[in-house]
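One file, protein20.pdb, carrying PDB, C-alpha atoms and all ligand atoms:
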```
ATOM      1  CA  MET Q 680     -58.626-105.928  44.593
ATOM      2  CA  LYS Q 681     -55.904-107.854  42.780
ATOM      3  CA  SER Q 682     -55.428-105.159  40.140
ATOM      4  CA  LEU Q 683     -55.261-102.555  42.873
ATOM      5  CA  PHE Q 684     -52.493-104.525  44.507
ATOM      6  CA  ILE Q 685     -50.572-104.751  41.216
ATOM      7  CA  LEU Q 686     -50.982-101.026  40.656
ATOM      8  CA  VAL Q 687     -49.610-100.235  44.096
ATOM      9  CA  ALA Q 688     -46.742-102.694  43.579
ATOM     10  CA  CYS Q 689     -45.878-101.009  40.258
ATOM     11  CA  LEU Q 690     -45.752 -97.658  41.982
ATOM     12  CA  PHE Q 691     -43.244 -98.892  44.498
ATOM     13  CA  VAL Q 692     -40.976-101.056  42.362
ATOM     14  CA  PRO Q 693     -39.177 -98.209  40.549
ATOM     15  CA  LEU Q 694     -38.701 -96.452  43.869
ATOM     16  CA  ALA Q 695     -37.201 -99.561  45.394
ATOM     17  CA  THR Q 696     -34.736-100.050  42.540
ATOM     18  CA  LEU Q 697     -33.756 -96.391  42.634
ATOM     19  CA  ALA Q 698     -33.281 -96.558  46.385
ATOM     20  CA  ASN Q 699     -30.892 -99.460  45.870
ATOM     21  CA  GLU Q 700     -28.685 -97.353  43.657
ATOM     22  CA  GLY Q 701     -28.255 -94.867  46.458
ATOM     23  CA  ALA Q 702     -27.042 -97.482  48.911
ATOM     24  CA  HIS Q 703     -23.970 -97.077  51.146
ATOM     25  CA  LEU Q 704     -24.351 -93.359  51.648
ATOM     26  CA  GLU Q 705     -22.966 -91.827  54.792
ATOM     27  CA  VAL Q 706     -25.322 -89.712  56.853
ATOM     28  CA  SER Q 707     -24.088 -86.130  56.588
ATOM     29  CA  GLY Q 708     -25.814 -84.640  59.608
ATOM     30  CA  ALA Q 709     -26.127 -81.395  57.609
ATOM     31  CA  ASN Q 710     -28.637 -78.932  59.017
ATOM     32  CA  LEU Q 711     -30.137 -76.051  57.016
ATOM     33  CA  ARG Q 712     -30.922 -74.161  60.218
ATOM     34  CA  ASP Q 713     -27.221 -74.006  61.030
ATOM     35  CA  THR Q 714     -26.456 -70.638  59.439
ATOM     36  CA  ALA Q 715     -22.819 -70.654  60.524
ATOM     37  CA  SER Q 716     -22.362 -73.952  58.702
ATOM     38  CA  LEU Q 717     -23.978 -72.504  55.555
ATOM     39  CA  GLN Q 718     -21.695 -69.471  55.724
ATOM     40  CA  ARG Q 719     -18.624 -71.682  56.024
ATOM     41  CA  GLY Q 720     -19.962 -73.879  53.217
ATOM     42  CA  ALA Q 721     -20.314 -70.827  50.946
ATOM     43  CA  LYS Q 722     -16.736 -69.819  51.734
ATOM     44  CA  TYR Q 723     -15.359 -73.300  51.032
ATOM     45  CA  PHE Q 724     -17.408 -73.489  47.847
ATOM     46  CA  MET Q 725     -16.017 -70.214  46.532
ATOM     47  CA  ASN Q 726     -12.489 -71.269  47.406
ATOM     48  CA  TYR Q 727     -12.437 -74.898  46.319
ATOM     49  CA  CYS Q 728     -15.202 -75.440  43.768
ATOM     50  CA  PHE Q 729     -16.088 -72.197  42.044
ATOM     51  CA  GLY Q 730     -13.106 -72.367  39.690
ATOM     52  CA  CYS Q 731     -15.014 -75.020  37.760
ATOM     53  CA  HIS Q 732     -18.631 -75.174  39.001
ATOM     54  CA  SER Q 733     -21.180 -72.384  38.695
ATOM     55  CA  LEU Q 734     -24.355 -71.888  40.756
ATOM     56  CA  LYS Q 735     -26.201 -70.153  37.984
ATOM     57  CA  TYR Q 736     -29.655 -70.431  39.565
ATOM     58  CA  ALA Q 737     -28.482 -68.570  42.670
ATOM     59  CA  ARG Q 738     -27.762 -64.852  43.046
ATOM     60  CA  TYR Q 739     -25.136 -63.285  45.259
ATOM     61  CA  ASN Q 740     -27.523 -60.895  47.032
ATOM     62  CA  ARG Q 741     -30.192 -63.537  47.669
ATOM     63  CA  MET Q 742     -27.503 -65.787  49.115
ATOM     64  CA  ALA Q 743     -26.285 -62.900  51.294
ATOM     65  CA  LYS Q 744     -29.776 -62.357  52.700
ATOM     66  CA  ASP Q 745     -30.499 -66.041  53.324
ATOM     67  CA  LEU Q 746     -27.135 -66.644  54.956
ATOM     68  CA  GLY Q 747     -27.344 -63.613  57.226
ATOM     69  CA  LEU Q 748     -24.550 -61.702  55.456
ATOM     70  CA  THR Q 749     -24.472 -58.146  54.165
ATOM     71  CA  ASP Q 750     -23.966 -57.405  50.468
ATOM     72  CA  ASP Q 751     -20.589 -55.888  51.313
ATOM     73  CA  MET Q 752     -19.448 -59.019  53.144
ATOM     74  CA  VAL Q 753     -20.328 -61.064  50.094
ATOM     75  CA  LYS Q 754     -18.608 -58.571  47.789
ATOM     76  CA  ASP Q 755     -15.413 -58.604  49.832
ATOM     77  CA  ASN Q 756     -15.208 -62.306  50.613
ATOM     78  CA  LEU Q 757     -17.210 -64.398  48.205
ATOM     79  CA  MET Q 758     -17.152 -62.649  44.817
ATOM     80  CA  PHE Q 759     -14.207 -63.643  42.687
ATOM     81  CA  VAL Q 760     -15.320 -62.951  39.134
ATOM     82  CA  ALA Q 761     -14.058 -59.530  38.028
ATOM     83  CA  GLY Q 762     -16.819 -57.083  37.186
ATOM     84  CA  SER Q 763     -19.683 -59.064  38.727
ATOM     85  CA  LYS Q 764     -22.336 -57.268  40.781
ATOM     86  CA  VAL Q 765     -24.263 -58.428  43.865
ATOM     87  CA  GLY Q 766     -27.448 -58.864  41.830
ATOM     88  CA  ASP Q 767     -25.748 -61.247  39.388
ATOM     89  CA  ASN Q 768     -26.226 -64.969  39.161
ATOM     90  CA  ILE Q 769     -23.263 -66.985  40.433
ATOM     91  CA  THR Q 770     -21.677 -67.906  37.131
ATOM     92  CA  ILE Q 771     -18.112 -68.808  36.263
ATOM     93  CA  ALA Q 772     -15.756 -67.493  33.599
ATOM     94  CA  MET Q 773     -14.957 -70.928  32.141
ATOM     95  CA  THR Q 774     -17.003 -71.828  29.058
ATOM     96  CA  GLU Q 775     -18.344 -75.316  28.387
ATOM     97  CA  GLU Q 776     -15.892 -75.661  25.520
ATOM     98  CA  GLN Q 777     -12.912 -74.860  27.723
ATOM     99  CA  GLY Q 778     -14.230 -77.287  30.334
ATOM    100  CA  THR Q 779     -14.430 -80.067  27.792
ATOM    101  CA  ASN Q 780     -10.943 -79.308  26.499
ATOM    102  CA  TRP Q 781      -9.368 -79.138  29.937
ATOM    103  CA  PHE Q 782     -11.199 -81.890  31.806
ATOM    104  CA  GLY Q 783     -12.635 -83.991  28.999
ATOM    105  CA  THR Q 784     -16.067 -83.256  30.440
ATOM    106  CA  VAL Q 785     -18.049 -80.234  31.579
ATOM    107  CA  ALA Q 786     -18.059 -79.482  35.289
ATOM    108  CA  PRO Q 787     -21.838 -79.303  35.767
ATOM    109  CA  ASP Q 788     -23.658 -76.407  37.379
ATOM    110  CA  LEU Q 789     -24.214 -77.379  41.020
ATOM    111  CA  SER Q 790     -27.223 -75.199  41.971
ATOM    112  CA  LEU Q 791     -29.586 -78.156  41.900
ATOM    113  CA  VAL Q 792     -27.237 -81.091  42.379
ATOM    114  CA  SER Q 793     -28.539 -81.812  45.886
ATOM    115  CA  ARG Q 794     -31.945 -82.473  44.351
ATOM    116  CA  SER Q 795     -30.829 -84.381  41.284
ATOM    117  CA  LYS Q 796     -29.010 -87.065  43.271
ATOM    118  CA  ILE Q 797     -30.779 -89.854  45.096
ATOM    119  CA  GLY Q 798     -29.794 -89.364  48.701
ATOM    120  CA  GLY Q 799     -29.400 -85.612  48.112
ATOM    121  CA  VAL Q 800     -27.187 -83.978  50.674
ATOM    122  CA  ASP Q 801     -25.877 -87.351  51.881
ATOM    123  CA  TRP Q 802     -24.846 -88.207  48.322
ATOM    124  CA  ILE Q 803     -22.738 -85.040  48.065
ATOM    125  CA  TYR Q 804     -21.245 -85.654  51.505
ATOM    126  CA  THR Q 805     -20.322 -89.247  50.660
ATOM    127  CA  TYR Q 806     -19.060 -88.281  47.190
ATOM    128  CA  LEU Q 807     -16.690 -85.668  48.578
ATOM    129  CA  LYS Q 808     -15.378 -88.181  51.113
ATOM    130  CA  SER Q 809     -14.923 -90.990  48.569
ATOM    131  CA  PHE Q 810     -11.941 -89.871  46.476
ATOM    132  CA  TYR Q 811      -9.012 -92.291  46.628
ATOM    133  CA  LEU Q 812      -5.620 -92.656  44.996
ATOM    134  CA  ASP Q 813      -5.736 -94.541  41.711
ATOM    135  CA  PRO Q 814      -2.656 -94.190  39.490
ATOM    136  CA  THR Q 815      -4.557 -95.555  36.477
ATOM    137  CA  ARG Q 816      -6.762 -92.432  36.337
ATOM    138  CA  PRO Q 817      -5.711 -89.174  34.585
ATOM    139  CA  TYR Q 818      -5.729 -87.139  37.843
ATOM    140  CA  GLY Q 819      -4.390 -90.007  39.928
ATOM    141  CA  VAL Q 820      -7.693 -90.316  41.806
ATOM    142  CA  ASN Q 821     -10.937 -92.198  41.487
ATOM    143  CA  ASN Q 822     -14.150 -92.120  43.508
ATOM    144  CA  ILE Q 823     -16.004 -95.026  45.104
ATOM    145  CA  LEU Q 824     -19.386 -93.378  44.589
ATOM    146  CA  PHE Q 825     -18.652 -92.041  41.083
ATOM    147  CA  ASP Q 826     -16.417 -94.511  39.272
ATOM    148  CA  LYS Q 827     -13.950 -92.989  36.766
ATOM    149  CA  VAL Q 828     -14.856 -89.508  37.909
ATOM    150  CA  GLY Q 829     -13.602 -86.651  35.735
ATOM    151  CA  MET Q 830     -13.034 -84.316  38.689
ATOM    152  CA  PRO Q 831      -9.660 -84.003  40.425
ATOM    153  CA  ASP Q 832      -9.533 -84.340  44.222
ATOM    154  CA  VAL Q 833      -9.730 -80.636  44.984
ATOM    155  CA  LEU Q 834      -9.782 -81.255  48.744
ATOM    156  CA  TRP Q 835      -6.502 -83.223  48.678
ATOM    157  CA  GLU Q 836      -4.705 -80.817  51.005
ATOM    158  CA  LEU Q 837      -7.351 -81.339  53.691
ATOM    159  CA  ARG Q 838      -7.845 -85.019  52.960
ATOM    160  CA  GLY Q 839      -4.180 -86.057  52.900
ATOM    161  CA  THR Q 840      -3.660 -89.333  51.058
ATOM    162  CA  GLN Q 841      -6.613 -91.672  51.003
ATOM    163  CA  LYS Q 842      -6.368 -95.243  49.794
ATOM    164  CA  ALA Q 843      -9.275 -97.594  49.192
ATOM    165  CA  VAL Q 844      -9.045-101.142  50.525
ATOM    166  CA  PHE Q 845     -10.569-103.846  48.331
ATOM    167  CA  GLU Q 846     -11.114-107.534  48.987
ATOM    168  CA  ASP Q 847     -11.692-110.311  46.482
ATOM    169  CA  GLY Q 848     -15.342-111.173  46.141
ATOM    170  CA  GLN Q 849     -17.938-112.416  43.662
ATOM    171  CA  ASP Q 850     -20.695-110.653  41.805
ATOM    172  CA  THR Q 851     -24.202-112.120  41.482
ATOM    173  CA  ALA Q 852     -23.140-114.136  38.414
ATOM    174  CA  GLY Q 853     -20.274-115.687  40.356
ATOM    175  CA  ASN Q 854     -17.479-113.796  38.588
ATOM    176  CA  PRO Q 855     -14.581-112.609  40.723
ATOM    177  CA  THR Q 856     -14.723-108.885  41.568
ATOM    178  CA  LYS Q 857     -13.119-106.460  43.951
ATOM    179  CA  VAL Q 858     -15.307-105.503  46.866
ATOM    180  CA  PHE Q 859     -14.679-102.169  48.559
ATOM    181  CA  VAL Q 860     -14.252-102.554  52.310
ATOM    182  CA  GLY Q 861     -13.078 -99.150  53.536
ATOM    183  CA  PHE Q 862     -10.630 -96.266  53.328
ATOM    184  CA  LYS Q 863      -7.195 -95.697  54.829
ATOM    185  CA  ARG Q 864      -6.468 -92.007  55.204
ATOM    186  CA  GLU Q 865      -3.142 -90.472  56.181
ATOM    187  CA  GLY Q 866      -2.224 -86.839  56.806
ATOM    188  CA  GLY Q 867      -4.580 -83.955  56.155
ATOM    189  CA  LEU Q 868      -7.052 -82.735  58.760
ATOM    190  CA  PRO Q 869      -8.160 -84.913  61.697
ATOM    191  CA  ASP Q 870     -11.323 -86.920  60.847
ATOM    192  CA  GLU Q 871     -13.791 -84.690  62.670
ATOM    193  CA  GLN Q 872     -12.481 -81.490  61.130
ATOM    194  CA  PHE Q 873     -12.400 -82.949  57.639
ATOM    195  CA  ASP Q 874     -15.943 -84.298  58.012
ATOM    196  CA  ALA Q 875     -17.084 -80.875  59.216
ATOM    197  CA  VAL Q 876     -15.696 -79.151  56.099
ATOM    198  CA  VAL Q 877     -17.412 -81.660  53.837
ATOM    199  CA  ARG Q 878     -20.654 -81.385  55.844
ATOM    200  CA  ASP Q 879     -20.637 -77.578  55.475
ATOM    201  CA  LEU Q 880     -20.108 -77.891  51.713
ATOM    202  CA  ALA Q 881     -22.927 -80.424  51.355
ATOM    203  CA  ASN Q 882     -25.166 -78.261  53.544
ATOM    204  CA  PHE Q 883     -24.505 -75.207  51.392
ATOM    205  CA  LEU Q 884     -25.367 -77.139  48.212
ATOM    206  CA  ALA Q 885     -28.557 -78.399  49.874
ATOM    207  CA  TYR Q 886     -29.413 -74.748  50.513
ATOM    208  CA  THR Q 887     -28.778 -73.686  46.884
ATOM    209  CA  GLY Q 888     -30.946 -76.603  45.732
ATOM    210  CA  GLU Q 889     -33.929 -75.098  47.472
ATOM    211  CA  PRO Q 890     -33.412 -71.708  49.140
ATOM    212  CA  MET Q 891     -37.111 -71.641  50.121
ATOM    213  CA  ARG Q 892     -36.973 -74.899  52.033
ATOM    214  CA  LEU Q 893     -37.157 -73.591  55.597
ATOM    215  CA  GLU Q 894     -39.726 -70.960  54.615
ATOM    216  CA  ARG Q 895     -41.800 -73.648  52.911
ATOM    217  CA  GLY Q 896     -41.752 -75.779  56.064
ATOM    218  CA  ARG Q 897     -42.777 -72.813  58.192
ATOM    219  CA  ILE Q 898     -45.685 -71.878  55.915
ATOM    220  CA  GLY Q 899     -46.663 -75.555  55.691
ATOM    221  CA  ASN Q 900     -47.182 -75.724  59.466
ATOM    222  CA  TRP Q 901     -49.600 -72.793  59.357
ATOM    223  CA  VAL Q 902     -51.479 -74.328  56.438
ATOM    224  CA  ILE Q 903     -51.953 -77.594  58.337
ATOM    225  CA  LEU Q 904     -53.103 -75.681  61.422
ATOM    226  CA  PHE Q 905     -55.583 -73.747  59.274
ATOM    227  CA  LEU Q 906     -56.921 -76.976  57.773
ATOM    228  CA  VAL Q 907     -57.396 -78.531  61.208
ATOM    229  CA  ILE Q 908     -59.295 -75.500  62.528
ATOM    230  CA  PHE Q 909     -61.311 -75.286  59.324
ATOM    231  CA  THR Q 910     -62.264 -78.982  59.566
ATOM    232  CA  ILE Q 911     -63.524 -78.496  63.127
ATOM    233  CA  LEU Q 912     -65.573 -75.461  62.046
ATOM    234  CA  ALA Q 913     -66.984 -77.246  59.010
ATOM    235  CA  TYR Q 914     -67.983 -80.224  61.158
ATOM    236  CA  ALA Q 915     -69.691 -77.969  63.722
ATOM    237  CA  LEU Q 916     -71.518 -76.195  60.917
ATOM    238  CA  LYS Q 917     -72.653 -79.465  59.365
ATOM    239  CA  LYS Q 918     -74.011 -80.605  62.731
ATOM    240  CA  GLU Q 919     -75.861 -77.352  63.118
ATOM    241  CA  TYR Q 920     -77.470 -77.587  59.650
ATOM    242  CA  TRP Q 921     -78.575 -81.194  60.057
ATOM    243  CA  ARG Q 922     -79.702 -80.929  63.656
ATOM    244  CA  ASP Q 923     -83.425 -80.609  62.873
ATOM    245  CA  VAL Q 924     -83.382 -82.911  59.860
ATOM    246  CA  ASP Q 925     -82.294 -85.853  61.998
ATOM    247  CA  HIS Q 926     -85.432 -85.668  64.217
TER     248      HIS Q 926
HETATM  249  C1  LIG C1001     -10.848 -78.536  38.538
HETATM  250  C2  LIG C1001     -12.266 -78.406  38.279
HETATM  251  C3  LIG C1001     -13.203 -78.808  39.407
HETATM  252  C4  LIG C1001     -13.220 -78.330  40.694
HETATM  253  C5  LIG C1001     -12.333 -77.259  41.310
HETATM  254  C6  LIG C1001     -14.327 -79.004  41.355
HETATM  255  N1  LIG C1001     -14.939 -79.864  40.495
HETATM  256 FE1  LIG C1001     -16.598 -80.959  40.870
HETATM  257  N2  LIG C1001     -16.536 -81.722  39.013
HETATM  258  C7  LIG C1001     -15.632 -81.373  38.024
HETATM  259  C8  LIG C1001     -15.910 -82.134  36.812
HETATM  260  C9  LIG C1001     -15.145 -82.034  35.494
HETATM  261  C10 LIG C1001     -17.044 -82.947  37.117
HETATM  262  C11 LIG C1001     -17.741 -83.958  36.192
HETATM  263  C12 LIG C1001     -17.180 -85.306  36.493
HETATM  264  C13 LIG C1001     -17.633 -86.369  35.531
HETATM  265  O1  LIG C1001     -18.675 -86.215  34.913
HETATM  266  O2  LIG C1001     -16.894 -87.369  35.425
HETATM  267  C14 LIG C1001     -17.407 -82.663  38.505
HETATM  268  C15 LIG C1001     -18.466 -83.261  39.172
HETATM  269  C16 LIG C1001     -18.929 -82.894  40.428
HETATM  270  C17 LIG C1001     -20.123 -83.411  41.071
HETATM  271  C18 LIG C1001     -21.081 -84.418  40.484
HETATM  272  C19 LIG C1001     -22.078 -83.655  39.667
HETATM  273  C20 LIG C1001     -23.058 -84.523  38.934
HETATM  274  O3  LIG C1001     -24.079 -83.962  38.494
HETATM  275  O4  LIG C1001     -22.821 -85.725  38.759
HETATM  276  C21 LIG C1001     -20.217 -82.799  42.284
HETATM  277  C22 LIG C1001     -21.317 -82.983  43.338
HETATM  278  C23 LIG C1001     -19.081 -81.930  42.411
HETATM  279  N3  LIG C1001     -18.317 -82.001  41.267
HETATM  280  C24 LIG C1001     -18.836 -81.169  43.531
HETATM  281  C25 LIG C1001     -17.729 -80.364  43.672
HETATM  282  C26 LIG C1001     -17.427 -79.620  44.879
HETATM  283  C27 LIG C1001     -18.315 -79.578  46.117
HETATM  284  C28 LIG C1001     -16.252 -78.982  44.661
HETATM  285  C29 LIG C1001     -15.491 -78.131  45.645
HETATM  286  C30 LIG C1001     -15.113 -78.782  46.880
HETATM  287  C31 LIG C1001     -15.814 -79.302  43.297
HETATM  288  N4  LIG C1001     -16.730 -80.145  42.738
HETATM  289  C32 LIG C1001     -14.664 -78.785  42.676
HETATM  290  C33 LIG C1001     -14.598 -80.464  38.134
HETATM  291  C34 LIG C1001     -14.289 -79.765  39.280
END
```

Reformat the file's structure so that it appears as structure tokens.
Ligand code: HEC
Amino acid sequence: MKSLFILVACLFVPLATLANEGAHLEVSGANLRDTASLQRGAKYFMNYCFGCHSLKYARYNRMAKDLGLTDDMVKDNLMFVAGSKVGDNITIAMTEEQGTNWFGTVAPDLSLVSRSKIGGVDWIYTYLKSFYLDPTRPYGVNNILFDKVGMPDVLWELRGTQKAVFEDGQDTAGNPTKVFVGFKREGGLPDEQFDAVVRDLANFLAYTGEPMRLERGRIGNWVILFLVIFTILAYALKKEYWRDVDH
């Protein structure tokens, strides 16, 4: 019994520590069933992110189908790399070497980012909202969720200027530290509109992380229903077989 308890505890400890890391995430409210939001997210992605980030595990025509767009709509509005075709993967022209030279680090492929981060879609949402002015950084911005980030604030026109407010505090060892208390944002879009843009972007990246997600849920419901019916049948059959044996 005791060893069982220890085993179960061991299973949960790593999860608990990981969960801690993902603390302070804002809830995005993103919804994969909201096709209009996914379409807007795809548009924002192509306009604001695609210069640096690829989605190499996604294809243009699959995205068109899933997002309720025609191939021509995608061709005319969402394909920016010269010579690419609708059946191509969504790759960028920048090589890793150029990325390293220009930004000091490679802008990672974002197809699966919503699944690689603890907190998933909420992580992306919070990350995109957490850029703040920091003159000590090469691009003049830093990020509360991703300290010393190597990505410029590409949404600066929509965000306006955002400052982070810190208070003096102490870490667990008693050393003085700066504790983040909140943001002060000026200019840019009104809060709701800015949040909506970021939500659409996060939603779109949640979609690319697992295009089958809704389909999987739908099939899953039928499987459960099948199992329930099958269990009832199996039980009835068992009763039938054992009816005479019991007497
Ligand atoms: C000018 C190039 C550039 C643009 C444009 C850009 N990024 Fe980035 N992004 C980067 C770089 C470089 C990194 C890596 C940062 C680091 O490792 O410090 C990064 C990192 C990220 C990460 C974290 C990835 C990880 O695995 O840790 C996310 C998420 C992200 N970007 C999302 C976006 C979104 C969404 C957009 C569009 C709104 C965007 N980026 C536009 C350069 C860019």

query = Given the choices Q:His732, Q:Arg741, Q:Lys842, Q:Lys764, which gets closest to ligand LIG 1001 (chain C) if the distance is worked out from all atoms listed in the file?
reply =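 Among the listed residues, the smallest separation from ligand LIG 1001 (chain C) belongs to Q:His732.
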
message = Using all atoms listed in the file, which residues have at least one atom no more than 7 Å from ligand LIG 1001 (chain C)? Output them as a ChimeraX atom specification.
response = /Q:723-724,727-732,782,784-787,789,792,803,806-807,827-831,833-834,880

request  = For CA of His703 (chain Q) and CA of Arg892 (chain Q), quote the distance in Å rounded to one decimal.
outcome  =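 One can read the CA of His703 (chain Q) to CA of Arg892 (chain Q) distance as 25.7 Å.
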
request  = Tell me which residues the PyMOL selection byres (((chain Q and resi 720) around 9) and not hetatm) grabs here, as a count of residues only.
outcome  = 19

key: Counting all atoms listed in the file, the option among Q:Phe859, Q:Lys917, Q:Glu871, Q:Pro817 closest to Trp781 (chain Q)   =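 Of the candidates, the smallest distance to Trp781 (chain Q) is held by Q:Pro817.
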
Coordinates-based distance that separates CA of Tyr811 (chain Q) from CA of Ile823 (chain Q) (Å, one decimal) =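 A separation of 7.7 Å between them.
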
query = Rounded to one decimal in Å, what is the spacing between CA of Pro869 (chain Q) and CA of Arg838 (chain Q)?
reply =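 These atoms are spaced 8.7 Å apart.
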
Please return the centre and edge lengths, in Å to one decimal, of a box with edges along x, y and z that contains all listed atoms of region 735-743 of chain Q, widened by 5 Å on every side, as lines of an AutoDock Vina configuration file.
```
center_x = -27.7
center_y = -65.7
center_z = 44.6
size_x = 15.1
size_y = 19.5
size_z = 23.3
```

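Here the question is which of Q:Val860, Q:Trp835, Q:Leu757, Q:Ala875 gets nearest to Asp847 (chain Q) using all atoms listed in the file, and that residue is Q:Val860.
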
ask   = Any idea what's packed within 7 Å of Gly888 (chain Q), counting all atoms listed in the file, ignoring anything in its chain fewer than 3 positions away? Could you give it as an MDAnalysis selection string?
value = chainID Q and resid 790:794 884:885
